[in-house]
Structures are given as structure tokens and as C-alpha cells.
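K.L.:
Data file protein.txt (compact mmCIF, C-alpha atoms) is appended below.
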```txt
# COMPACT_ATOMS: atom_id res chain seq x y z
CA MET A 1 14.93 -11.83 4.86
CA SER A 2 14.14 -8.19 4.57
CA HIS A 3 10.93 -7.16 2.88
CA ASP A 4 8.33 -4.43 2.95
CA THR A 5 5.68 -5.21 5.53
CA GLY A 6 3.53 -2.23 4.59
CA LYS A 7 1.22 -0.25 6.87
CA ILE A 8 -1.32 -2.75 8.14
CA PRO A 9 -0.01 -3.72 11.60
CA SER A 10 -3.25 -4.71 13.33
CA ALA A 11 -5.84 -6.08 10.85
CA THR A 12 -3.79 -8.66 8.99
CA TRP A 13 -6.19 -11.59 8.62
CA ARG A 14 -9.18 -9.29 7.94
CA SER A 15 -7.36 -7.85 4.92
CA VAL A 16 -6.89 -11.26 3.26
CA PRO A 17 -9.13 -11.57 0.14
CA ALA A 18 -12.13 -13.93 0.06
CA THR A 19 -10.63 -16.02 -2.74
CA VAL A 20 -7.70 -16.93 -0.49
CA TRP A 21 -10.17 -18.25 2.09
CA THR A 22 -12.02 -20.17 -0.64
CA LEU A 23 -8.77 -21.73 -1.83
CA GLY A 24 -8.11 -22.64 1.78
CA PHE A 25 -11.42 -24.49 2.06
CA VAL A 26 -10.75 -26.23 -1.26
CA SER A 27 -7.43 -27.39 0.18
CA LEU A 28 -9.22 -28.47 3.37
CA LEU A 29 -11.64 -30.70 1.48
CA MET A 30 -8.97 -32.25 -0.74
CA ASP A 31 -6.74 -32.87 2.25
CA VAL A 32 -9.59 -34.64 4.07
CA SER A 33 -9.81 -36.88 1.01
CA SER A 34 -6.07 -37.41 0.61
CA GLU A 35 -5.25 -37.93 4.30
CA LEU A 36 -8.13 -40.36 4.70
CA ILE A 37 -6.02 -42.55 2.42
CA HIS A 38 -2.46 -41.43 3.15
CA SER A 39 -2.76 -41.74 6.93
CA LEU A 40 -3.32 -45.47 6.42
CA LEU A 41 -1.29 -46.00 3.25
CA PRO A 42 2.17 -46.85 4.71
CA VAL A 43 0.63 -49.48 6.99
CA PHE A 44 -1.64 -50.72 4.17
CA LEU A 45 1.46 -51.12 2.01
CA THR A 46 3.52 -52.98 4.59
CA SER A 47 0.80 -55.10 6.25
CA VAL A 48 -1.67 -55.81 3.40
CA VAL A 49 0.25 -55.41 0.13
CA GLY A 50 3.58 -56.71 1.48
CA ALA A 51 5.84 -53.76 0.66
CA SER A 52 9.03 -52.95 2.60
CA ALA A 53 9.97 -49.69 4.36
CA ALA A 54 12.38 -49.00 1.51
CA ASP A 55 9.46 -49.42 -0.95
CA VAL A 56 7.42 -46.91 1.09
CA GLY A 57 10.27 -44.40 0.97
CA LEU A 58 10.68 -44.88 -2.78
CA ILE A 59 6.94 -44.55 -3.48
CA GLU A 60 6.64 -41.39 -1.38
CA GLY A 61 9.80 -39.88 -2.86
CA ILE A 62 8.75 -40.55 -6.46
CA ALA A 63 5.27 -39.19 -5.74
CA GLU A 64 6.58 -35.91 -4.36
CA ALA A 65 9.23 -35.53 -7.06
CA THR A 66 6.53 -36.07 -9.71
CA ALA A 67 4.48 -33.25 -8.23
CA ALA A 68 7.58 -31.04 -8.19
CA VAL A 69 8.29 -31.58 -11.89
CA ALA A 70 4.67 -30.94 -12.87
CA LYS A 71 4.70 -27.66 -10.93
CA VAL A 72 7.41 -26.21 -13.20
CA PHE A 73 5.28 -26.65 -16.29
CA SER A 74 1.97 -25.60 -14.74
CA GLY A 75 3.45 -22.55 -13.03
CA ALA A 76 5.13 -21.32 -16.20
CA PHE A 77 2.03 -22.10 -18.29
CA SER A 78 -0.15 -20.09 -15.89
CA ASP A 79 2.20 -17.13 -16.42
CA ARG A 80 1.90 -17.61 -20.17
CA ILE A 81 -1.89 -17.74 -20.40
CA GLY A 82 -2.63 -15.43 -17.46
CA LYS A 83 -5.36 -17.82 -16.23
CA ARG A 84 -4.48 -19.59 -13.02
CA LYS A 85 -7.96 -20.87 -12.04
CA LEU A 86 -8.16 -23.18 -15.07
CA LEU A 87 -5.03 -25.04 -14.05
CA VAL A 88 -5.99 -25.08 -10.37
CA GLY A 89 -9.30 -26.74 -11.27
CA LEU A 90 -7.65 -29.22 -13.64
CA GLY A 91 -5.14 -30.25 -10.99
CA TYR A 92 -7.70 -30.79 -8.25
CA GLY A 93 -9.94 -32.64 -10.71
CA LEU A 94 -7.16 -35.03 -11.69
CA SER A 95 -6.43 -35.81 -8.04
CA ALA A 96 -10.13 -36.46 -7.43
CA VAL A 97 -10.46 -39.04 -10.20
CA THR A 98 -7.51 -41.07 -8.86
CA LYS A 99 -9.18 -41.80 -5.51
CA PRO A 100 -10.91 -45.04 -6.62
CA ILE A 101 -7.55 -46.58 -7.58
CA PHE A 102 -6.41 -46.93 -3.95
CA PRO A 103 -9.18 -49.26 -2.71
CA LEU A 104 -8.77 -51.37 -5.84
CA ALA A 105 -4.95 -51.67 -5.67
CA GLY A 106 -3.46 -55.12 -5.05
CA THR A 107 0.27 -54.43 -5.43
CA ALA A 108 2.76 -51.77 -4.42
CA TRP A 109 3.18 -50.85 -8.09
CA GLU A 110 -0.53 -50.11 -8.43
CA VAL A 111 -0.33 -47.88 -5.37
CA LEU A 112 2.71 -46.18 -6.92
CA ALA A 113 0.73 -45.60 -10.14
CA ALA A 114 -2.14 -44.05 -8.16
CA ARG A 115 0.20 -41.85 -6.13
CA PHE A 116 1.96 -40.84 -9.36
CA VAL A 117 -1.24 -39.64 -11.06
CA ASP A 118 -2.50 -38.00 -7.87
CA ARG A 119 0.77 -36.08 -7.51
CA VAL A 120 0.63 -35.00 -11.16
CA GLY A 121 -2.67 -33.37 -10.21
CA LYS A 122 -1.05 -31.74 -7.19
CA GLY A 123 1.79 -30.53 -9.38
CA ILE A 124 -0.60 -28.98 -11.88
CA ARG A 125 -2.55 -27.05 -9.24
CA ASP A 126 -0.05 -25.92 -6.60
CA ALA A 127 2.16 -23.39 -8.40
CA PRO A 128 -0.76 -21.57 -10.14
CA ARG A 129 -2.68 -21.56 -6.83
CA ASP A 130 0.25 -20.09 -4.89
CA ALA A 131 0.85 -17.55 -7.66
CA LEU A 132 -2.86 -16.61 -7.63
CA ILE A 133 -2.63 -15.92 -3.89
CA ALA A 134 0.33 -13.61 -4.56
CA ASP A 135 -1.63 -11.90 -7.37
CA ILE A 136 -4.59 -11.01 -5.17
CA THR A 137 -3.07 -10.53 -1.69
CA PRO A 138 -1.56 -7.16 -0.61
CA PRO A 139 2.17 -7.49 0.20
CA ALA A 140 1.59 -6.27 3.77
CA VAL A 141 -0.51 -9.36 4.57
CA ARG A 142 1.11 -11.88 2.24
CA GLY A 143 2.49 -13.98 5.08
CA ALA A 144 -0.94 -14.00 6.72
CA GLY A 145 -2.57 -15.03 3.42
CA TYR A 146 -0.29 -18.00 2.92
CA GLY A 147 -0.61 -18.87 6.59
CA ILE A 148 -4.43 -18.89 6.42
CA ARG A 149 -4.50 -21.11 3.34
CA GLN A 150 -1.95 -23.43 4.91
CA ALA A 151 -3.89 -23.54 8.18
CA LEU A 152 -7.16 -24.48 6.46
CA ASP A 153 -5.30 -27.04 4.35
CA THR A 154 -3.93 -28.50 7.57
CA VAL A 155 -7.34 -28.63 9.25
CA GLY A 156 -8.23 -31.03 6.46
CA ALA A 157 -5.01 -32.88 7.12
CA PHE A 158 -6.15 -33.80 10.64
CA VAL A 159 -9.88 -34.19 9.90
CA GLY A 160 -8.90 -36.78 7.27
CA PRO A 161 -6.97 -39.04 9.68
CA LEU A 162 -9.67 -38.60 12.36
CA SER A 163 -12.21 -39.77 9.80
CA ALA A 164 -9.92 -42.69 8.98
CA VAL A 165 -9.84 -43.75 12.65
CA ALA A 166 -13.64 -43.61 12.89
CA LEU A 167 -14.14 -45.48 9.63
CA MET A 168 -11.50 -48.12 10.48
CA THR A 169 -13.47 -48.78 13.66
CA LEU A 170 -16.78 -48.85 11.77
CA TYR A 171 -15.44 -51.22 9.10
CA ALA A 172 -13.41 -53.38 11.53
CA GLY A 173 -10.04 -52.59 9.98
CA ASN A 174 -11.09 -52.94 6.33
CA PHE A 175 -8.68 -50.55 4.58
CA ARG A 176 -10.37 -50.77 1.20
CA ALA A 177 -13.85 -49.91 2.52
CA VAL A 178 -12.40 -46.85 4.25
CA PHE A 179 -10.58 -45.68 1.12
CA TRP A 180 -13.83 -45.43 -0.87
CA TRP A 181 -15.03 -42.57 1.36
CA ALA A 182 -12.25 -40.32 0.00
CA LEU A 183 -14.33 -39.72 -3.15
CA LEU A 184 -16.88 -37.49 -1.38
CA PRO A 185 -14.70 -34.58 -0.12
CA ALA A 186 -12.59 -34.68 -3.29
CA SER A 187 -15.70 -34.12 -5.41
CA LEU A 188 -16.85 -31.26 -3.16
CA ALA A 189 -13.42 -29.59 -3.50
CA VAL A 190 -13.68 -29.53 -7.28
CA LEU A 191 -17.22 -28.12 -7.11
CA LEU A 192 -16.08 -25.32 -4.77
CA ILE A 193 -13.35 -24.27 -7.22
CA VAL A 194 -15.86 -23.98 -10.03
CA ILE A 195 -18.35 -21.84 -8.10
CA GLY A 196 -16.20 -20.00 -5.54
CA VAL A 197 -12.76 -19.05 -6.89
CA ARG A 198 -12.44 -15.63 -8.56
CA GLU A 199 -9.46 -14.58 -10.62
CA PRO A 200 -8.36 -10.92 -10.98
CA ALA A 201 -9.33 -9.50 -14.36
CA GLY A 202 -5.94 -7.95 -15.02
CA THR A 203 -3.65 -10.98 -14.53
CA ARG A 204 -0.71 -10.41 -16.85
CA ALA A 205 -0.11 -13.02 -19.55
CA THR A 206 3.26 -13.46 -21.25
CA ALA A 207 2.95 -14.32 -24.93
CA ARG A 208 5.70 -16.77 -25.90
CA ARG A 209 6.24 -20.18 -27.43
CA GLY A 210 8.54 -23.11 -26.88
CA TRP A 211 9.97 -24.48 -23.64
CA PRO A 212 8.02 -23.16 -20.64
CA VAL A 213 11.08 -22.04 -18.67
CA ARG A 214 13.59 -20.07 -20.75
CA LYS A 215 17.10 -18.86 -20.05
CA GLU A 216 16.24 -15.19 -20.35
CA GLU A 217 13.50 -15.61 -17.74
CA LEU A 218 15.87 -17.34 -15.34
CA LYS A 219 18.24 -14.38 -15.73
CA ARG A 220 15.42 -12.04 -14.66
CA MET A 221 15.10 -13.83 -11.33
CA PRO A 222 16.90 -11.68 -8.72
CA ALA A 223 19.71 -13.03 -6.54
CA ALA A 224 17.36 -13.02 -3.56
CA PHE A 225 15.14 -15.59 -5.29
CA TRP A 226 18.06 -18.01 -5.74
CA VAL A 227 18.90 -17.58 -2.06
CA VAL A 228 15.32 -18.67 -1.32
CA ILE A 229 15.80 -21.70 -3.58
CA ALA A 230 18.92 -22.65 -1.63
CA ILE A 231 17.08 -22.25 1.68
CA GLY A 232 14.25 -24.44 0.36
CA VAL A 233 16.69 -27.21 -0.63
CA VAL A 234 18.26 -27.18 2.83
CA PHE A 235 14.82 -27.47 4.41
CA ALA A 236 13.83 -30.36 2.11
CA LEU A 237 17.02 -32.31 2.87
CA ALA A 238 16.37 -31.92 6.59
CA ARG A 239 12.82 -33.29 6.26
CA PHE A 240 11.78 -36.61 4.76
CA SER A 241 8.30 -38.02 4.17
CA GLU A 242 5.84 -38.06 7.08
CA ALA A 243 5.19 -41.72 6.18
CA PHE A 244 8.09 -42.59 8.49
CA LEU A 245 6.26 -41.02 11.43
CA LEU A 246 3.46 -43.53 10.88
CA LEU A 247 5.91 -46.44 10.64
CA LYS A 248 7.61 -45.26 13.85
CA ALA A 249 4.28 -45.25 15.70
CA GLN A 250 3.52 -48.74 14.40
CA ALA A 251 6.97 -49.93 15.49
CA GLU A 252 6.27 -48.60 19.01
CA GLY A 253 3.11 -50.67 19.23
CA LEU A 254 0.29 -48.28 18.31
CA ALA A 255 -2.80 -50.21 17.17
CA LEU A 256 -3.44 -50.16 13.42
CA ALA A 257 -6.82 -48.46 13.79
CA LEU A 258 -5.17 -45.62 15.75
CA ILE A 259 -2.23 -45.02 13.38
CA PRO A 260 -3.99 -42.05 11.69
CA LEU A 261 -3.98 -40.22 15.05
CA VAL A 262 -0.28 -39.58 14.44
CA LEU A 263 -1.14 -37.28 11.55
CA VAL A 264 -4.08 -35.83 13.48
CA TRP A 265 -1.70 -34.68 16.22
CA MET A 266 0.95 -33.41 13.78
CA ASN A 267 -1.56 -31.47 11.69
CA LEU A 268 -3.41 -30.08 14.69
CA VAL A 269 -0.18 -28.40 15.83
CA TYR A 270 0.52 -27.39 12.21
CA ALA A 271 -2.92 -25.82 11.76
CA ILE A 272 -2.76 -23.90 15.05
CA THR A 273 0.67 -22.41 14.32
CA ALA A 274 0.58 -21.73 10.55
CA THR A 275 -1.42 -18.48 10.58
CA PRO A 276 0.33 -16.92 13.63
CA ALA A 277 3.69 -17.87 12.08
CA GLY A 278 2.71 -16.21 8.80
CA ILE A 279 1.61 -13.05 10.59
CA LEU A 280 4.83 -13.10 12.62
CA SER A 281 6.87 -13.39 9.43
CA ASP A 282 5.15 -10.25 8.12
CA LYS A 283 6.33 -8.41 11.23
CA ILE A 284 9.85 -9.70 11.99
CA GLY A 285 10.99 -11.25 8.71
CA ARG A 286 10.57 -14.69 7.16
CA VAL A 287 14.00 -16.19 7.81
CA TYR A 288 13.88 -15.75 11.58
CA VAL A 289 10.59 -17.65 11.66
CA LEU A 290 12.14 -20.36 9.48
CA LEU A 291 15.05 -20.76 11.90
CA CYS A 292 12.59 -21.37 14.73
CA GLY A 293 11.02 -24.08 12.59
CA LEU A 294 14.35 -25.78 11.97
CA GLY A 295 15.06 -25.78 15.68
CA ALA A 296 11.74 -27.58 16.27
CA LEU A 297 12.60 -30.16 13.58
CA LEU A 298 16.00 -30.85 15.15
CA VAL A 299 14.44 -31.56 18.57
CA ALA A 300 11.67 -33.61 16.91
CA ASP A 301 14.21 -35.91 15.23
CA LEU A 302 16.12 -36.34 18.48
CA ALA A 303 12.92 -37.23 20.34
CA LEU A 304 11.90 -39.76 17.70
CA ALA A 305 15.38 -41.28 17.66
CA PHE A 306 16.11 -41.53 21.38
CA ILE A 307 12.95 -41.28 23.53
CA PRO A 308 11.49 -44.79 23.71
CA GLY A 309 7.84 -45.72 23.47
CA LEU A 310 4.82 -43.77 22.35
CA GLY A 311 5.83 -40.82 24.54
CA GLY A 312 8.72 -40.12 22.18
CA VAL A 313 6.35 -40.37 19.24
CA VAL A 314 3.93 -37.85 20.78
CA ILE A 315 6.72 -35.35 21.50
CA GLY A 316 8.48 -35.82 18.16
CA VAL A 317 5.35 -35.67 16.02
CA GLY A 318 4.08 -32.56 17.83
CA LEU A 319 7.38 -30.78 17.23
CA TRP A 320 7.32 -31.93 13.60
CA GLY A 321 3.95 -30.17 13.26
CA LEU A 322 5.45 -27.05 14.83
CA TYR A 323 8.25 -27.15 12.25
CA LEU A 324 5.74 -27.36 9.41
CA GLY A 325 3.67 -24.49 10.81
CA PHE A 326 6.71 -22.23 11.04
CA SER A 327 8.20 -23.16 7.66
CA GLN A 328 5.76 -23.96 4.86
CA GLY A 329 3.77 -20.72 4.61
CA SER A 330 6.87 -18.60 5.23
CA LEU A 331 8.74 -20.35 2.42
CA SER A 332 5.86 -19.64 0.02
CA ALA A 333 5.77 -16.00 1.09
CA LEU A 334 9.53 -15.73 0.50
CA VAL A 335 9.09 -16.95 -3.08
CA ALA A 336 6.31 -14.41 -3.66
CA ASP A 337 8.43 -11.65 -2.05
CA THR A 338 11.41 -12.21 -4.34
CA ALA A 339 9.97 -13.27 -7.73
CA PRO A 340 9.05 -10.82 -10.55
CA GLU A 341 5.29 -10.29 -10.67
CA ASP A 342 4.84 -11.71 -14.18
CA LEU A 343 6.93 -14.80 -13.39
CA ARG A 344 5.39 -15.87 -10.09
CA GLY A 345 4.00 -19.12 -11.47
CA THR A 346 7.39 -19.97 -12.96
CA ALA A 347 9.10 -19.08 -9.67
CA PHE A 348 6.85 -21.34 -7.60
CA GLY A 349 7.32 -24.11 -10.13
CA LEU A 350 11.11 -23.84 -10.01
CA PHE A 351 11.11 -23.71 -6.23
CA ASN A 352 8.98 -26.83 -5.97
CA LEU A 353 10.99 -28.71 -8.61
CA VAL A 354 14.29 -28.19 -6.83
CA THR A 355 12.96 -28.78 -3.33
CA GLY A 356 10.93 -31.80 -4.51
CA GLY A 357 14.10 -33.38 -5.88
CA ALA A 358 15.77 -32.83 -2.52
CA LEU A 359 12.77 -34.37 -0.72
CA LEU A 360 12.95 -37.41 -3.03
CA ALA A 361 16.60 -37.91 -2.11
CA ALA A 362 15.87 -37.46 1.61
CA SER A 363 12.96 -39.95 1.55
CA VAL A 364 14.91 -42.61 -0.35
CA VAL A 365 17.85 -42.31 2.05
CA ALA A 366 15.47 -42.42 5.03
CA GLY A 367 13.87 -45.61 3.71
CA TRP A 368 17.27 -47.24 3.15
CA LEU A 369 18.48 -46.30 6.63
CA TRP A 370 15.28 -47.66 8.16
CA SER A 371 15.55 -50.99 6.29
CA GLU A 372 19.28 -51.44 7.03
CA PHE A 373 19.69 -49.96 10.52
CA GLY A 374 16.24 -49.21 11.95
CA PRO A 375 14.28 -46.09 12.91
CA THR A 376 16.93 -44.66 15.28
CA ALA A 377 19.37 -44.30 12.38
CA THR A 378 16.72 -42.65 10.20
CA PHE A 379 15.78 -39.97 12.71
CA SER A 380 19.38 -39.47 13.86
CA ALA A 381 20.31 -38.65 10.27
CA GLY A 382 17.38 -36.21 10.16
CA ALA A 383 18.72 -34.50 13.28
CA VAL A 384 22.16 -34.13 11.69
CA PHE A 385 20.68 -32.59 8.55
CA SER A 386 18.50 -30.26 10.64
CA GLY A 387 21.55 -29.05 12.56
CA LEU A 388 23.45 -28.45 9.33
CA ALA A 389 20.42 -26.59 7.94
CA ILE A 390 20.38 -24.26 10.94
CA LEU A 391 24.06 -23.47 10.45
CA ILE A 392 23.68 -22.90 6.71
CA VAL A 393 20.62 -20.64 7.02
CA ALA A 394 22.11 -18.70 9.95
CA VAL A 395 25.42 -18.16 8.13
CA GLY A 396 23.48 -17.19 5.00
CA ILE A 397 21.60 -14.52 6.92
CA LYS A 398 24.84 -13.15 8.37
CA ALA A 399 26.57 -13.15 4.99
CA ARG A 400 23.70 -11.55 3.06
CA TYR A 401 22.08 -9.32 5.64
```
Once you've parsed the file, please lay out its structure as C-alpha cells.
P.N.:
Amino acid sequence: MSHDTGKIPSATWRSVPATVWTLGFVSLLMDVSSELIHSLLPVFLTSVVGASAADVGLIEGIAEATAAVAKVFSGAFSDRIGKRKLLVGLGYGLSAVTKPIFPLAGTAWEVLAARFVDRVGKGIRDAPRDALIADITPPAVRGAGYGIRQALDTVGAFVGPLSAVALMTLYAGNFRAVFWWALLPASLAVLLIVIGVREPAGTRATARRGWPVRKEELKRMPAAFWVVIAIGVVFALARFSEAFLLLKAQAEGLALALIPLVLVWMNLVYAITATPAGILSDKIGRVYVLLCGLGALLVADLALAFIPGLGGVVIGVGLWGLYLGFSQGSLSALVADTAPEDLRGTAFGLFNLVTGGALLAASVVAGWLWSEFGPTATFSAGAVFSGLAILIVAVGIKARY
């Protein structure tokens, strides 16, 4: 998608504001906490609690859809009050206080309740945080800014599973003892928000009452923004929950204590590629970077579906991480590129609502396919959706640009 890349061709990451880096480290700490739990959760659900693969898909889908709905309200509310940090802190705080529920849970429904509340916290914080990054980052380095935050977030997403492996070894496979350690980095994340995040003094507030997203505001969103929404939906349908990567590794015989290494590998690739992909999107355009990501997802699904053994898992999961690195920061930058300045929170909320609904549908279908036909059917369907996504995005570029 065309956009103004500005006049800063060589010093991109150095021009990214300090608050973006701070938000990145906050994300890192919270992801250490979350992935310490989530890297073990699908196996905990199926082997300890007695849930099915379909239950895992439903729990993950509902969790992500919950976050998506909450983002609409928090994003719009942050536009209204002109204070994004308050909502960012509230969201991270809510996620932190849910961490003790996981080690205490005895049923799948209790895990669902914990994931629900945790994702409400994520929903409250994400849209205001992404809008705050857009508020403070120069347009010429916007892709780099989102890439840096995403990369730091993803460092946490592989440190968390690595910690889970070490703790599972230390506690001889005791899931609940491991889960208690998630409280420490979550608490540090909240503290860092309080002392380290600075908000620009001139953030524009919009004085209004009633429903947070109004018809006249939707009409102000340019056509390019709705194209971004459509692209986001296509990407969400092509990608289901990463929980199925863990189940695939377990099905191929990976020891329970080593299951978190799946997410370590995925997020290592993700972290390495996110910032370069964001910088590249500043230079050549976001959509071309996104197409590269979709290509990686297509090959990842094919590897997971048809290459037997743990070798297929290693290849597929690595390519899945490459897809995430090339897509997530670029999608956020596209939203910031196309939304009106005073409606950025609303725009991120809408984007996440629609794409979260698509991810819910994809995860539920993936869980059903797995339960009825096995993992090959699940990843084959993902490959089909990825191929369709490439065609849709490529045709969309040709038609619009």
C-alpha cells in the first residue's frame, strides 16, 4: 500500500521514541508471564484436565474474540478521553491479577474463565497502546516502531517457553508449580508502565457521549482503512491459534517437558524478523511485505500437514514465525497509516474486533477438523486458506494500485 515514507532512510530505529522501547519491554515482561503458562496450557488441558482438541480450539477462539471485542471499547474510549496510558496500565494490571487462576484451575471451564479475564485485559490495553505508538512515532519510522515493539514482545514470547522448559525440569513435570512463577514478570510489567511510559501532552480528546463507536465516525474512515480491514480478515482466516502447533508437536512424540520449545523456536524467528520487516515496509510498502508473510504461512501449513516427524514440525513452526514477523507489525502500521489521527484508538479497536472474530472462526474450525480428521486435515485447510489469501491480497493490490 502506498504511503509517505518521509526523509529518514538510514537512521530508522534510532529515531524511534523511548516510550516505544519502554512499551516493548512491558510487552516482553508480560509475554514472559503469559507464555510461561500458554506454552504448556494446551497439553495441560488435554493431559491433566481432560479436555479435547475441540475444547482447546474453542477456548482459544473465545479468548481471542473476547480480546477483540474489548479493544473496540478501549480504543474508542482512549480517543474520547485523550489518555491512553491509563487504559494501557489498567489492561496490563487486569492480566496480571488473573495469573493465579491457572495453577488453581481444575476444569476446562475454569481455564476458560481465566483466559477470558486475561484476554479482557489484553483487549483493554492493546488498541490504546498501538494508538499511543502512532501518536508519538514519526510517520517515516512508523513501521520500524511497530516492528521494534513487536520484536521485544516476541523476545518475551520465547523467553517464557524457555523458562517453562527449565521449570518443568526443576519441578519434575508439575504444571501447577510452574504456573505460579508467571506472577513475577507480570508484576514487573505493571510497575514499568507506571514509572516508564510517557504520554504526549497534546493528545487530542474527542468530547462525546453515548455508544463508543458512532456512525458518523465510521463514515470518516477512508476507503483505504476498510481495505486494510479486509486484508486483516483474510490474514486471520488463514491463521488459527498457535495452540495447534503445540498439539502437533505432542502428536509427533515430543516429550511434555520440551513442548514449550515449539514456541521458543517460533518466537525466535518472529523476534529476529519483526524489526527488519517493519523497516522494509517503510521502504517498499506494507502490502508487499505482507505477501511474503502469506507465502511463508502457506509453506508452513504444507510442511506441518505432509512432512512426517519432528522435522516437519521444526520446518513448519519456523516458517510460521517468519509469517508472524512479516505480518503483525506491518498490519498495525497499515492501520496507523490509514486512520484519521483523532480516531486511531477506534481504528485499532475496529480492526482487532473484525480480525478477532475471523480468528475465532478459524480456531473453532481447526479444532473440529483436528478432532474429526486429524492434524493433516487441519493444516491442509490452513494451506488452502493461505493460498486464497495470497490471491485475494494480490488481486486487491492490482485493482486498487
K.L.:
To one decimal place in Å, what is the distance between CA of Ile392 (chain A) and CA of Ala333 (chain A)?
P.N.:
20.0 Å
K.L.:
Would you list the contacts of Thr66 (chain A) as an NGL selection string, taking every protein, DNA or RNA residue within 9 Å and counting only C-alpha atoms, but skipping same-chain residues closer than 3 positions in sequence?
P.N.:
:A and (61-63 or 69-71 or 116-117 or 119-120 or 123 or 353 or 356-357)
K.L.:
Give me a file of those residues, with C-alpha atoms, as a compact mmCIF listing (two decimals), in the frame of the given file.
P.N.:
```
# COMPACT_ATOMS: atom_id res chain seq x y z
CA GLY A 61 9.80 -39.88 -2.86
CA ILE A 62 8.75 -40.55 -6.46
CA ALA A 63 5.27 -39.19 -5.74
CA VAL A 69 8.29 -31.58 -11.89
CA ALA A 70 4.67 -30.94 -12.87
CA LYS A 71 4.70 -27.66 -10.93
CA PHE A 116 1.96 -40.84 -9.36
CA VAL A 117 -1.24 -39.64 -11.06
CA ARG A 119 0.77 -36.08 -7.51
CA VAL A 120 0.63 -35.00 -11.16
CA GLY A 123 1.79 -30.53 -9.38
CA LEU A 353 10.99 -28.71 -8.61
CA GLY A 356 10.93 -31.80 -4.51
CA GLY A 357 14.10 -33.38 -5.88
```
K.L.:
Could you check how far CA of Leu331 (chain A) sits from CA of Gly91 (chain A), in Å to one decimal?
P.N.:
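Those two atoms sit 21.7 Å apart.
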K.L.:
Please report as a tab-separated table every residue of region 327-399 of chain A lying within 8 Å of region 137-156 of chain A, along with the nearest atom pair and their distance in Å (one decimal), using all atoms listed in the file.
P.N.:
```
residue	atom	partner	partner_atom	distance
A:Gln328	CA	A:Gln150	CA	7.7
A:Gly329	CA	A:Gly147	CA	5.2
A:Ser330	CA	A:Gly143	CA	6.4
A:Ser332	CA	A:Tyr146	CA	7.0
A:Ala333	CA	A:Gly143	CA	5.5
A:Asp337	CA	A:Pro139	CA	7.8
```
K.L.:
Would you tabulate, counting all atoms listed in the file, all residues of region 220-265 of chain A that have an atom at most 12 Å from an atom of region 269-273 of chain A, showing the closest pair of atoms and their distance in Å to one decimal, sorted by chain then ascending number, as a tab-separated table?
P.N.:
```
residue	atom	partner	partner_atom	distance
A:Val262	CA	A:Val269	CA	11.3
A:Leu263	CA	A:Val269	CA	9.9
A:Val264	CA	A:Val269	CA	8.7
A:Trp265	CA	A:Val269	CA	6.5
```
K.L.:
What does the structure give for the distance between CA of Val228 (chain A) and CA of Glu60 (chain A), in Å to one decimal?
P.N.:
24.3 Å
K.L.:
Kindly indicate which residue among A:Leu310, A:Leu268, A:Leu40, A:Ala296 lies nearest to Leu254 (chain A), using only C-alpha atoms for the distances.
P.N.:
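Closest residue, counting only C-alpha atoms: A:Leu310.
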K.L.:
For Leu36 (chain A), find every residue with an atom within 6 Å (counting only C-alpha atoms), except residues of its own chain fewer than 6 positions away, and show them as a PyMOL selection string.
P.N.:
chain A and resi 160-161+164
K.L.:
Enumerate, in order of chain and increasing residue number, the residues of region 208-295 of chain A with an atom no farther than 10 Å from region 316-327 of chain A, each with its shortest atom pair and distance in Å to one decimal, counting only C-alpha atoms, as a tab-separated table.
P.N.:
```
residue	atom	partner	partner_atom	distance
A:Gly232	CA	A:Ser327	CA	9.6
A:Phe235	CA	A:Ser327	CA	8.5
A:Arg239	CA	A:Trp320	CA	9.3
A:Glu242	CA	A:Trp320	CA	9.1
A:Leu245	CA	A:Val317	CA	7.1
A:Leu246	CA	A:Val317	CA	9.6
A:Ala249	CA	A:Val317	CA	9.6
A:Val262	CA	A:Val317	CA	7.0
A:Leu263	CA	A:Val317	CA	8.0
A:Val264	CA	A:Val317	CA	9.8
A:Trp265	CA	A:Gly318	CA	6.4
A:Met266	CA	A:Gly321	CA	4.4
A:Asn267	CA	A:Gly321	CA	5.9
A:Leu268	CA	A:Gly321	CA	7.5
A:Val269	CA	A:Gly321	CA	5.2
A:Tyr270	CA	A:Gly325	CA	4.5
A:Ala271	CA	A:Gly325	CA	6.8
A:Ile272	CA	A:Gly325	CA	7.7
A:Thr273	CA	A:Gly325	CA	5.1
A:Ala274	CA	A:Gly325	CA	4.2
A:Thr275	CA	A:Gly325	CA	7.9
A:Pro276	CA	A:Phe326	CA	8.7
A:Ala277	CA	A:Phe326	CA	5.4
A:Gly278	CA	A:Phe326	CA	7.6
A:Leu280	CA	A:Phe326	CA	9.5
A:Ser281	CA	A:Phe326	CA	9.0
A:Arg286	CA	A:Ser327	CA	8.8
A:Val287	CA	A:Ser327	CA	9.1
A:Tyr288	CA	A:Phe326	CA	9.7
A:Val289	CA	A:Phe326	CA	6.0
A:Leu290	CA	A:Ser327	CA	5.2
A:Leu291	CA	A:Ser327	CA	8.4
A:Cys292	CA	A:Phe326	CA	7.0
A:Gly293	CA	A:Tyr323	CA	4.1
A:Leu294	CA	A:Tyr323	CA	6.3
A:Gly295	CA	A:Tyr323	CA	7.7
```
K.L.:
May I have the protein, DNA and RNA residues with an atom at most 12 Å from (4.4, -50.6, -6.0), counting only C-alpha atoms in the file's coordinates, returned as an NGL selection string?
P.N.:
:A and (41-42 or 44-46 or 49-60 or 62-63 or 102 or 105-116)
K.L.:
Compare A:Ile133, A:Met30, A:Ala361, A:Ala305 by their minimum atom-to-atom distance to Arg198 (chain A), counting only C-alpha atoms, and give me the closest one.
P.N.:
A:Ile133
K.L.:
Find the residues around Ser95 (chain A) up to 6 Å (all atoms listed in the file counted), leave out those fewer than 2 positions away in its own chain, and share them as a PyMOL selection string.
P.N.:
chain A and resi 92-93+97-98+118+121
K.L.:
In terms of the shortest atom-to-atom distance over all atoms listed in the file, which of A:Arg176, A:Lys248, A:Lys219, A:Arg344 is closest to Ile307 (chain A)?
P.N.:
A:Lys248
K.L.:
Check the smallest atom-to-atom distance from each of A:Ile101, A:Val234, A:Ala157, A:Leu167 to Val384 (chain A) using all atoms listed in the file, then report the winner.
P.N.:
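Between A:Ile101, A:Val234, A:Ala157, A:Leu167, the residue approaching Val384 (chain A) most closely is A:Val234.
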K.L.:
Point out the residue among A:Ala76, A:Val365, A:Ala358, A:Ala134 with the least atom-to-atom distance to Glu199 (chain A), counting all atoms listed in the file.
P.N.:
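Of A:Ala76, A:Val365, A:Ala358, A:Ala134, the one nearest Glu199 (chain A) is A:Ala134, counting all atoms listed in the file.
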K.L.:
Go through A:Phe244, A:Phe158, A:Phe77, A:Phe379 and flag the residue nearest Ala347 (chain A), using only C-alpha atoms for the distances.
P.N.:
A:Phe77
